[in-house]
Protein chains: 2
Amino acid sequence: MSDKVLLDYGSGGKASQRLISELFMRCFDNPELRRMNDGAVLSVSGRIAMSTDTFTVDPPFFPGGDIGALAVHGTVNDVAMMGAVPRYLTCGFLIEEGLPMSDLERIVESTGKAAREAGVWIVTGDTKVVPRGAADKIFINTTGIGDVIVDPAPAGDRATAGDAILVSGTLGDHGLAILSTRQGLSFDTPILSDCANLNHVIEKLLRQLPDIHVLRDPTRGGLATTLNEIALSSGVTCEIEEDAIPVKPEVRGGCSFLGLDPLYLANEGKFLCILPEAEAEAALAIMRADPLGRDAKRIGTVTPTDKPGSLSGGGGRVILKTGLGGKRMLGMLEGEQLPRIC
Amino acid sequence: MSDKVLLDYGSGGKASQRLISELFMRCFDNPELRRMNDGAVLSVSGRIAMSTDTFTVDPPFFPGGDIGALAVHGTVNDVAMMGAVPRYLTCGFLIEEGLPMSDLERIVESTGKAAREAGVWIVTGDTKVVPRGAADKIFINTTGIGDVIVDPAPAGDRATAGDAILVSGTLGDHGLAILSTRQGLSFDTPILSDCANLNHVIEKLLRQLPDIHVLRDPTRGGLATTLNEIALSSGVTCEIEEDAIPVKPEVRGGCSFLGLDPLYLANEGKFLCILPEAEAEAALAIMRADPLGRDAKRIGTVTPTDKPGSLSGGGGRVILKTGLGGKRMLGMLEGEQLPRIC
């Protein structure tokens with residue numbers, strides 16, 4: 001094969017077949033993929049979760065990960081957040097002509113490794129190569145399905161007044177890692193993306209605490225935006241305590257230097273868990289027993305929207321209680337803080 | 001909303017929410033999408049087909065269709081070819097900053113219309129906007145799942161010596177429509193893309209003739225490449241008769257003018273059906289009763305690879321019998337005939 005990706009590799013013809021058999025099959029190998037059909041025939045539970053994401057992260061290689069691993073983590077996590085055990089992924093590669101073949105190899109290997117770690121099969125895919133200048137290096141779409149293991153499944157509209165709001169770890173790592181790489185900034189303590197497969201820790205939680213109301217990974221738009229979406233869908237207020245929100249000191253420092261708010265930065269290996277107050281401690285214990293939930297914290301409580309004395313006039317709201325005892329509304333991300341963060 | 005797509009619309013924040021609620025929800029509306037989760041929870045049969053494709057067609061609007069309709073047709077058809085009734089689609093939009101909002105609206109409306117016609121729900125999606133120059137106008141990934149209704153399902157490795165090879169209609173229309181638009185060519189008889197949802201006619205075939213061995217839509221690489229893939233997977237030879245292959249006179253003319261072979265051009269509304277000889281006439285009757293199979297023809301026969309006197313030395317081969325009684329090998333597409341055809 002050439003040392004650069006050629007248009008031919010996306011033709012659907014002989015060169016495509018060669019790329020598929022020599023690279024994708026080697027890195028993704030599993031029995032379903034080996035059948036080389038245009039799609040896959042799969043056995044599932046009858047009640048499945050399905051999610052899709054297109055990854056455009058710039059640069060494609062960043063401290064702590066790359067676009068291939070991220071494309072797996074992102075979709076595996078979204079499927080897990082639906083109360084499901086992720087099973088199968090599809091992978092659509094969109095490649096700019098001229099991408100170094102060694103970059104593609106690294107990315108595909110990393111995609112395969114992330115899938116194996118998640119315990120999912122990449123069962124079918126698609127590769128398109130577009131002429132130079134029609135895309136920027138590489139974009140990857142992944143779509144995942146998984147077996148839903150709880151009923152009702154956690155959902156954004158199930159947050160209930162009285163529920164505890166937990167977060168699985170520190171916030172802002174991914175967003176700041178990408179931004180500082182892009183800007184060529186380096187900090188004393190290197191800032192790594194937190195991108196990771198959350199499905200195993202989520203499965204432990206769901207098996208032991210099937211009544212979790214909401215699971216959500218705060219990616220684009222960060223914690224503040226995700227909580228606003230939940231508050232809106234559920235018709236509740238989310239009250240969180242500023243001092244309880246875990247943020248690494250180096251991330252806090254970097255954010256303050258760059259004028260960014262870690263509550264609006266993307267995370268790729270963290271999740272929010274909203275569940276009945278009585279189960280909060282048990283959930284924290286399960287999360288903390290897993291390396292990916294080591295820094296789990298309770299950060300707040302769900303309250304009714306019409307609560308007397310609340311700042312919220314109605315609809316869903318997010319209120320941040322500051323260290324000094326003040327309260328302020330935390331709005332949804334308005335503009336685009338960081339394009340191509342995921 | 002602005003008259004151009006802004007970066008903000010892909011931020012995951014307020015502007016994204018507005019785009020989703022004012023455009024996507026209006027065009028795709030269905031109960032699952034209305035829940036506004038990061039994914040969908042779905043009921044399926046337990047045995048499903050799954051397929052994915054990223055659409056990069058250039059130009060996004062072409063005679064007979066646009067990238068939105070094509071993105072639905074392509075994946076609906078791939079799912080149907082697996083022996084399934086397509087049920088759910090995901091839709092990942094990747095948009096270049098500055099795309100006219102009116103273009104996006106036309107595309108999203110057309111996507112929604114194609115989904116309604118196919119009888120599928122678009123249950124979850126993703127929208128990314130990348131800075132000007134990082135993508136060319138718009139790319140769409142769709143991933144589809146459907147309930148497999150026959151067992152075993154048709155598959156590329158099931159072609160058997162003695163099977164009849166049928167094609168549902170004329171070949172080369174989509175490829176030539178795109179190419180002539182791109183080159184600014186016009187012909188006396190306008191050449192339209194054949195892009196269409198094949199799932200309804202496929203379902204009729206499967207319900208009445210559940211023993212169909214192979215269904216495949218000859219998209220990129222055309223009939224010749226698709227037959228080669230099948231011959232390879234099944235370890236058989238496909239012998240087809242040149243004179244039996246339906247090609248519209250205007251497509252034949254355009255191809256000869258441009259030096260293209262219609263057997264290698266992409267189709268987006270045609271399928272190959274390979275099934276036991278005894279069922280060939282019944283299948284043709286079902287196909288011809290549907291507007292999308294009006295021009296269905298039997299074009300050849302599957303033979304063993306080691307057939308004495310055959311041109312093929314082993315492995316899978318495709319042999320074209322010419323009108324003059326000669327035989328020639330029809331290879332797989334070698335290079336890229338037409339980038340960004342789908």
# chains A, B, ... in the order shown; residues from 1 in each chain; ligands from 1
$ closest_atom_pairs --of "chain B" --to "chain A" --cutoff "7 Å" --atoms "only C-alpha atoms" --output "JSON lines"
{"residue": "B:Leu7", "atom": "CA", "partner": "A:Glu336", "partner_atom": "CA", "distance": 6.3}
{"residue": "B:Asp8", "atom": "CA", "partner": "A:Glu336", "partner_atom": "CA", "distance": 4.5}
{"residue": "B:Ser11", "atom": "CA", "partner": "A:Glu336", "partner_atom": "CA", "distance": 4.9}
{"residue": "B:Gly12", "atom": "CA", "partner": "A:Arg220", "partner_atom": "CA", "distance": 5.4}
{"residue": "B:Gly13", "atom": "CA", "partner": "A:Leu333", "partner_atom": "CA", "distance": 4.5}
{"residue": "B:Lys14", "atom": "CA", "partner": "A:Glu334", "partner_atom": "CA", "distance": 5.0}
{"residue": "B:Ala15", "atom": "CA", "partner": "A:Glu334", "partner_atom": "CA", "distance": 6.4}
{"residue": "B:Asn37", "atom": "CA", "partner": "A:Gly156", "partner_atom": "CA", "distance": 6.1}
{"residue": "B:Asp38", "atom": "CA", "partner": "A:Asp78", "partner_atom": "CA", "distance": 6.4}
{"residue": "B:Gly39", "atom": "CA", "partner": "A:Ser51", "partner_atom": "CA", "distance": 4.3}
{"residue": "B:Ala40", "atom": "CA", "partner": "A:Met50", "partner_atom": "CA", "distance": 5.2}
{"residue": "B:Val41", "atom": "CA", "partner": "A:Ala49", "partner_atom": "CA", "distance": 4.3}
{"residue": "B:Leu42", "atom": "CA", "partner": "A:Ile48", "partner_atom": "CA", "distance": 5.2}
{"residue": "B:Ser43", "atom": "CA", "partner": "A:Arg47", "partner_atom": "CA", "distance": 4.6}
{"residue": "B:Val44", "atom": "CA", "partner": "A:Gly46", "partner_atom": "CA", "distance": 4.8}
{"residue": "B:Ser45", "atom": "CA", "partner": "A:Gly46", "partner_atom": "CA", "distance": 5.5}
{"residue": "B:Gly46", "atom": "CA", "partner": "A:Gly46", "partner_atom": "CA", "distance": 4.5}
{"residue": "B:Arg47", "atom": "CA", "partner": "A:Ser43", "partner_atom": "CA", "distance": 4.6}
{"residue": "B:Ile48", "atom": "CA", "partner": "A:Leu42", "partner_atom": "CA", "distance": 5.2}
{"residue": "B:Ala49", "atom": "CA", "partner": "A:Val41", "partner_atom": "CA", "distance": 4.3}
{"residue": "B:Met50", "atom": "CA", "partner": "A:Ala40", "partner_atom": "CA", "distance": 5.2}
{"residue": "B:Ser51", "atom": "CA", "partner": "A:Gly39", "partner_atom": "CA", "distance": 4.3}
{"residue": "B:Thr52", "atom": "CA", "partner": "A:Gly125", "partner_atom": "CA", "distance": 6.0}
{"residue": "B:Asp53", "atom": "CA", "partner": "A:Asp126", "partner_atom": "CA", "distance": 5.5}
{"residue": "B:Thr54", "atom": "CA", "partner": "A:Gly92", "partner_atom": "CA", "distance": 6.1}
{"residue": "B:Asp78", "atom": "CA", "partner": "A:Asp38", "partner_atom": "CA", "distance": 6.4}
{"residue": "B:Val79", "atom": "CA", "partner": "A:Gly39", "partner_atom": "CA", "distance": 6.9}
{"residue": "B:Met82", "atom": "CA", "partner": "A:Gly39", "partner_atom": "CA", "distance": 6.9}
{"residue": "B:Thr90", "atom": "CA", "partner": "A:Thr52", "partner_atom": "CA", "distance": 6.4}
{"residue": "B:Gly92", "atom": "CA", "partner": "A:Thr54", "partner_atom": "CA", "distance": 6.1}
{"residue": "B:Thr124", "atom": "CA", "partner": "A:Ser51", "partner_atom": "CA", "distance": 6.4}
{"residue": "B:Gly125", "atom": "CA", "partner": "A:Thr52", "partner_atom": "CA", "distance": 6.0}
{"residue": "B:Asp126", "atom": "CA", "partner": "A:Asp53", "partner_atom": "CA", "distance": 5.5}
{"residue": "B:Val130", "atom": "CA", "partner": "A:Arg340", "partner_atom": "CA", "distance": 6.5}
{"residue": "B:Ala134", "atom": "CA", "partner": "A:Asp136", "partner_atom": "CA", "distance": 4.7}
{"residue": "B:Ala135", "atom": "CA", "partner": "A:Ala135", "partner_atom": "CA", "distance": 4.1}
{"residue": "B:Asp136", "atom": "CA", "partner": "A:Ala134", "partner_atom": "CA", "distance": 4.7}
{"residue": "B:Asn141", "atom": "CA", "partner": "A:Asn141", "partner_atom": "CA", "distance": 6.9}
{"residue": "B:Thr143", "atom": "CA", "partner": "A:Thr143", "partner_atom": "CA", "distance": 6.7}
{"residue": "B:Ala155", "atom": "CA", "partner": "A:Asn37", "partner_atom": "CA", "distance": 6.7}
{"residue": "B:Gly156", "atom": "CA", "partner": "A:Asn37", "partner_atom": "CA", "distance": 6.1}
{"residue": "B:Arg220", "atom": "CA", "partner": "A:Gly12", "partner_atom": "CA", "distance": 5.3}
{"residue": "B:Gly221", "atom": "CA", "partner": "A:Gly12", "partner_atom": "CA", "distance": 5.6}
{"residue": "B:Thr225", "atom": "CA", "partner": "A:Gly13", "partner_atom": "CA", "distance": 6.3}
{"residue": "B:Met332", "atom": "CA", "partner": "A:Gly13", "partner_atom": "CA", "distance": 5.9}
{"residue": "B:Leu333", "atom": "CA", "partner": "A:Gly13", "partner_atom": "CA", "distance": 4.5}
{"residue": "B:Glu334", "atom": "CA", "partner": "A:Lys14", "partner_atom": "CA", "distance": 5.1}
{"residue": "B:Gly335", "atom": "CA", "partner": "A:Asp8", "partner_atom": "CA", "distance": 5.0}
{"residue": "B:Glu336", "atom": "CA", "partner": "A:Asp8", "partner_atom": "CA", "distance": 4.5}
{"residue": "B:Pro339", "atom": "CA", "partner": "A:Val130", "partner_atom": "CA", "distance": 6.8}
{"residue": "B:Arg340", "atom": "CA", "partner": "A:Val130", "partner_atom": "CA", "distance": 6.5}
$ residues_around --residues "A:Pro190" --least-positions-apart "4" --cutoff "10 Å" --atoms "only C-alpha atoms" --output "list in words"
Pro63, Gly64, Ala177, Ser180, Leu185, Ser186, Glu250 and Val251 of chain A
$ atom_distance --atom1 "atom CA of B:Pro291" --atom2 "atom CA of B:Val85"
18.9 Å
$ select_by_dssp --residues "stretch 229-261 of chain B" --states "strand (DSSP E)" --output "list in words"
Val236, Thr237, Cys238, Glu239, Ile240 and Glu241 of chain B
$ write_last_selection --atoms "all heavy atoms" --output "PDB file, in the first residue's frame"
ATOM      1  N   VAL B 236     -17.520 -18.894  -6.076  1.00  0.00           N
ATOM      2  CA  VAL B 236     -18.223 -19.341  -7.288  1.00  0.00           C
ATOM      3  C   VAL B 236     -17.846 -18.424  -8.447  1.00  0.00           C
ATOM      4  O   VAL B 236     -17.141 -17.435  -8.268  1.00  0.00           O
ATOM      5  CB  VAL B 236     -19.764 -19.282  -7.108  1.00  0.00           C
ATOM      6  CG1 VAL B 236     -20.231 -20.253  -6.036  1.00  0.00           C
ATOM      7  CG2 VAL B 236     -20.203 -17.850  -6.780  1.00  0.00           C
ATOM      8  N   THR B 237     -18.337 -18.761  -9.629  1.00  0.00           N
ATOM      9  CA  THR B 237     -18.202 -17.879 -10.782  1.00  0.00           C
ATOM     10  C   THR B 237     -19.577 -17.302 -11.098  1.00  0.00           C
ATOM     11  O   THR B 237     -20.583 -18.000 -10.966  1.00  0.00           O
ATOM     12  CB  THR B 237     -17.667 -18.677 -11.993  1.00  0.00           C
ATOM     13  OG1 THR B 237     -16.325 -19.099 -11.687  1.00  0.00           O
ATOM     14  CG2 THR B 237     -17.646 -17.830 -13.259  1.00  0.00           C
ATOM     15  N   CYS B 238     -19.623 -16.029 -11.448  1.00  0.00           N
ATOM     16  CA  CYS B 238     -20.878 -15.446 -11.912  1.00  0.00           C
ATOM     17  C   CYS B 238     -20.745 -15.222 -13.411  1.00  0.00           C
ATOM     18  O   CYS B 238     -19.846 -14.499 -13.854  1.00  0.00           O
ATOM     19  CB  CYS B 238     -21.147 -14.118 -11.215  1.00  0.00           C
ATOM     20  SG  CYS B 238     -21.424 -14.280  -9.442  1.00  0.00           S
ATOM     21  N   GLU B 239     -21.590 -15.874 -14.190  1.00  0.00           N
ATOM     22  CA  GLU B 239     -21.562 -15.685 -15.640  1.00  0.00           C
ATOM     23  C   GLU B 239     -22.747 -14.826 -16.043  1.00  0.00           C
ATOM     24  O   GLU B 239     -23.899 -15.184 -15.760  1.00  0.00           O
ATOM     25  CB  GLU B 239     -21.638 -17.035 -16.362  1.00  0.00           C
ATOM     26  CG  GLU B 239     -20.435 -17.917 -16.060  1.00  0.00           C
ATOM     27  CD  GLU B 239     -20.266 -19.045 -17.098  1.00  0.00           C
ATOM     28  OE1 GLU B 239     -20.960 -19.034 -18.135  1.00  0.00           O
ATOM     29  OE2 GLU B 239     -19.424 -19.922 -16.842  1.00  0.00           O
ATOM     30  N   ILE B 240     -22.479 -13.698 -16.661  1.00  0.00           N
ATOM     31  CA  ILE B 240     -23.589 -12.823 -17.062  1.00  0.00           C
ATOM     32  C   ILE B 240     -23.535 -12.559 -18.570  1.00  0.00           C
ATOM     33  O   ILE B 240     -22.480 -12.625 -19.188  1.00  0.00           O
ATOM     34  CB  ILE B 240     -23.609 -11.503 -16.262  1.00  0.00           C
ATOM     35  CG1 ILE B 240     -22.274 -10.751 -16.391  1.00  0.00           C
ATOM     36  CG2 ILE B 240     -23.900 -11.776 -14.787  1.00  0.00           C
ATOM     37  CD1 ILE B 240     -22.312  -9.361 -15.784  1.00  0.00           C
ATOM     38  N   GLU B 241     -24.713 -12.275 -19.117  1.00  0.00           N
ATOM     39  CA  GLU B 241     -24.858 -12.065 -20.561  1.00  0.00           C
ATOM     40  C   GLU B 241     -24.924 -10.567 -20.830  1.00  0.00           C
ATOM     41  O   GLU B 241     -25.843  -9.897 -20.371  1.00  0.00           O
ATOM     42  CB  GLU B 241     -26.191 -12.663 -21.051  1.00  0.00           C
ATOM     43  CG  GLU B 241     -26.512 -14.048 -20.569  1.00  0.00           C
ATOM     44  CD  GLU B 241     -26.108 -15.099 -21.596  1.00  0.00           C
ATOM     45  OE1 GLU B 241     -25.780 -14.724 -22.739  1.00  0.00           O
ATOM     46  OE2 GLU B 241     -26.123 -16.295 -21.227  1.00  0.00           O
TER      47      GLU B 241
END
$ select_by_dssp --residues "stretch 114-266 of chain B" --states "alpha helix (DSSP H)" --output "VMD selection string"
chain B and resid 114 to 118 173 to 182 199 to 208 222 to 234 249 to 258
$ write_last_selection --atoms "N, CA and C atoms" --output "short mmCIF file (atom, residue, chain, number, x, y, z; two decimals), in the first residue's frame"
data_model
loop_
_atom_site.label_atom_id
_atom_site.label_comp_id
_atom_site.auth_asym_id
_atom_site.auth_seq_id
_atom_site.Cartn_x
_atom_site.Cartn_y
_atom_site.Cartn_z
N ALA B 114 -37.63 11.14 2.88
CA ALA B 114 -37.17 9.81 2.46
C ALA B 114 -37.38 8.79 3.58
N ALA B 115 -37.17 9.22 4.82
CA ALA B 115 -37.36 8.31 5.96
C ALA B 115 -38.84 7.94 6.09
N ARG B 116 -39.72 8.94 5.95
CA ARG B 116 -41.16 8.63 6.03
C ARG B 116 -41.56 7.66 4.93
N GLU B 117 -41.06 7.88 3.73
CA GLU B 117 -41.40 6.99 2.62
C GLU B 117 -40.89 5.56 2.86
N ALA B 118 -39.74 5.47 3.51
CA ALA B 118 -39.21 4.13 3.80
C ALA B 118 -39.94 3.48 4.97
N ASP B 173 -27.38 4.72 -13.84
CA ASP B 173 -28.09 6.01 -13.82
C ASP B 173 -27.50 6.98 -12.79
N HIS B 174 -27.31 6.51 -11.56
CA HIS B 174 -26.83 7.44 -10.52
C HIS B 174 -25.44 7.98 -10.87
N GLY B 175 -24.54 7.08 -11.19
CA GLY B 175 -23.16 7.50 -11.48
C GLY B 175 -23.10 8.52 -12.61
N LEU B 176 -23.85 8.26 -13.67
CA LEU B 176 -23.79 9.18 -14.80
C LEU B 176 -24.49 10.50 -14.48
N ALA B 177 -25.57 10.45 -13.68
CA ALA B 177 -26.26 11.70 -13.31
C ALA B 177 -25.32 12.61 -12.53
N ILE B 178 -24.58 12.04 -11.58
CA ILE B 178 -23.66 12.85 -10.77
C ILE B 178 -22.55 13.40 -11.66
N LEU B 179 -21.98 12.53 -12.45
CA LEU B 179 -20.83 12.95 -13.24
C LEU B 179 -21.22 14.03 -14.23
N SER B 180 -22.37 13.87 -14.88
CA SER B 180 -22.71 14.86 -15.90
C SER B 180 -23.07 16.20 -15.24
N THR B 181 -23.65 16.16 -14.02
CA THR B 181 -23.92 17.41 -13.30
C THR B 181 -22.60 18.10 -12.98
N ARG B 182 -21.66 17.30 -12.50
CA ARG B 182 -20.39 17.86 -12.08
C ARG B 182 -19.64 18.49 -13.26
N ASN B 199 -36.61 -0.91 0.16
CA ASN B 199 -37.03 -1.83 1.22
C ASN B 199 -38.42 -2.44 1.01
N HIS B 200 -39.34 -1.68 0.39
CA HIS B 200 -40.69 -2.24 0.25
C HIS B 200 -40.72 -3.39 -0.77
N VAL B 201 -40.04 -3.22 -1.90
CA VAL B 201 -40.04 -4.31 -2.88
C VAL B 201 -39.23 -5.50 -2.36
N ILE B 202 -38.17 -5.22 -1.61
CA ILE B 202 -37.38 -6.30 -1.03
C ILE B 202 -38.22 -7.09 -0.02
N GLU B 203 -39.01 -6.37 0.78
CA GLU B 203 -39.84 -7.07 1.77
C GLU B 203 -40.84 -8.00 1.07
N LYS B 204 -41.44 -7.50 -0.02
CA LYS B 204 -42.37 -8.37 -0.77
C LYS B 204 -41.67 -9.64 -1.24
N LEU B 205 -40.46 -9.47 -1.78
CA LEU B 205 -39.71 -10.64 -2.25
C LEU B 205 -39.42 -11.62 -1.12
N LEU B 206 -38.94 -11.08 0.00
CA LEU B 206 -38.54 -11.95 1.11
C LEU B 206 -39.72 -12.69 1.72
N ARG B 207 -40.87 -12.01 1.81
CA ARG B 207 -42.05 -12.67 2.40
C ARG B 207 -42.51 -13.82 1.52
N GLN B 208 -42.38 -13.65 0.20
CA GLN B 208 -42.88 -14.70 -0.70
C GLN B 208 -41.82 -15.73 -1.07
N GLY B 222 -20.20 -0.37 -8.90
CA GLY B 222 -21.18 -0.89 -9.85
C GLY B 222 -21.38 -2.39 -9.82
N LEU B 223 -22.13 -2.86 -10.82
CA LEU B 223 -22.48 -4.27 -10.93
C LEU B 223 -21.24 -5.16 -10.95
N ALA B 224 -20.23 -4.76 -11.72
CA ALA B 224 -19.05 -5.61 -11.90
C ALA B 224 -18.35 -5.85 -10.56
N THR B 225 -18.19 -4.79 -9.77
CA THR B 225 -17.48 -4.92 -8.50
C THR B 225 -18.30 -5.74 -7.51
N THR B 226 -19.60 -5.47 -7.47
CA THR B 226 -20.47 -6.20 -6.54
C THR B 226 -20.47 -7.70 -6.87
N LEU B 227 -20.57 -8.03 -8.17
CA LEU B 227 -20.56 -9.45 -8.54
C LEU B 227 -19.21 -10.09 -8.18
N ASN B 228 -18.13 -9.35 -8.34
CA ASN B 228 -16.82 -9.89 -7.96
C ASN B 228 -16.75 -10.18 -6.46
N GLU B 229 -17.30 -9.27 -5.65
CA GLU B 229 -17.30 -9.49 -4.20
C GLU B 229 -18.07 -10.76 -3.85
N ILE B 230 -19.23 -10.91 -4.50
CA ILE B 230 -20.07 -12.08 -4.23
C ILE B 230 -19.34 -13.35 -4.67
N ALA B 231 -18.74 -13.31 -5.87
CA ALA B 231 -18.04 -14.49 -6.40
C ALA B 231 -16.92 -14.89 -5.44
N LEU B 232 -16.19 -13.89 -4.95
CA LEU B 232 -15.10 -14.16 -4.01
C LEU B 232 -15.61 -14.75 -2.71
N SER B 233 -16.62 -14.10 -2.10
CA SER B 233 -17.13 -14.57 -0.81
C SER B 233 -17.72 -15.96 -0.91
N SER B 234 -18.40 -16.24 -2.03
CA SER B 234 -19.09 -17.52 -2.17
C SER B 234 -18.22 -18.60 -2.79
N PRO B 249 -30.81 3.72 -22.99
CA PRO B 249 -30.05 4.18 -24.17
C PRO B 249 -29.30 5.47 -23.89
N GLU B 250 -29.91 6.41 -23.15
CA GLU B 250 -29.24 7.69 -22.90
C GLU B 250 -28.02 7.49 -21.99
N VAL B 251 -28.10 6.49 -21.09
CA VAL B 251 -26.95 6.22 -20.21
C VAL B 251 -25.86 5.55 -21.03
N ARG B 252 -26.25 4.63 -21.90
CA ARG B 252 -25.26 4.00 -22.76
C ARG B 252 -24.56 5.06 -23.62
N GLY B 253 -25.36 5.97 -24.16
CA GLY B 253 -24.79 7.03 -24.99
C GLY B 253 -23.83 7.93 -24.21
N GLY B 254 -24.29 8.36 -23.03
CA GLY B 254 -23.46 9.24 -22.19
C GLY B 254 -22.17 8.54 -21.79
N CYS B 255 -22.26 7.27 -21.45
CA CYS B 255 -21.08 6.51 -21.05
C CYS B 255 -20.10 6.40 -22.20
N SER B 256 -20.64 6.16 -23.37
CA SER B 256 -19.73 5.97 -24.50
C SER B 256 -19.05 7.30 -24.82
N PHE B 257 -19.79 8.39 -24.70
CA PHE B 257 -19.24 9.73 -24.90
C PHE B 257 -18.11 10.03 -23.91
N LEU B 258 -18.32 9.62 -22.66
CA LEU B 258 -17.35 9.95 -21.59
C LEU B 258 -16.32 8.85 -21.35
#
$ atom_distance --atom1 "atom CA of A:Ala164" --atom2 "atom CA of A:Leu275"
5.6 Å
$ closest_residue --among "B:Gly235, B:Gly162, B:Leu209, B:Cys27" --to "B:Leu284" --atoms "only C-alpha atoms"
B:Leu209
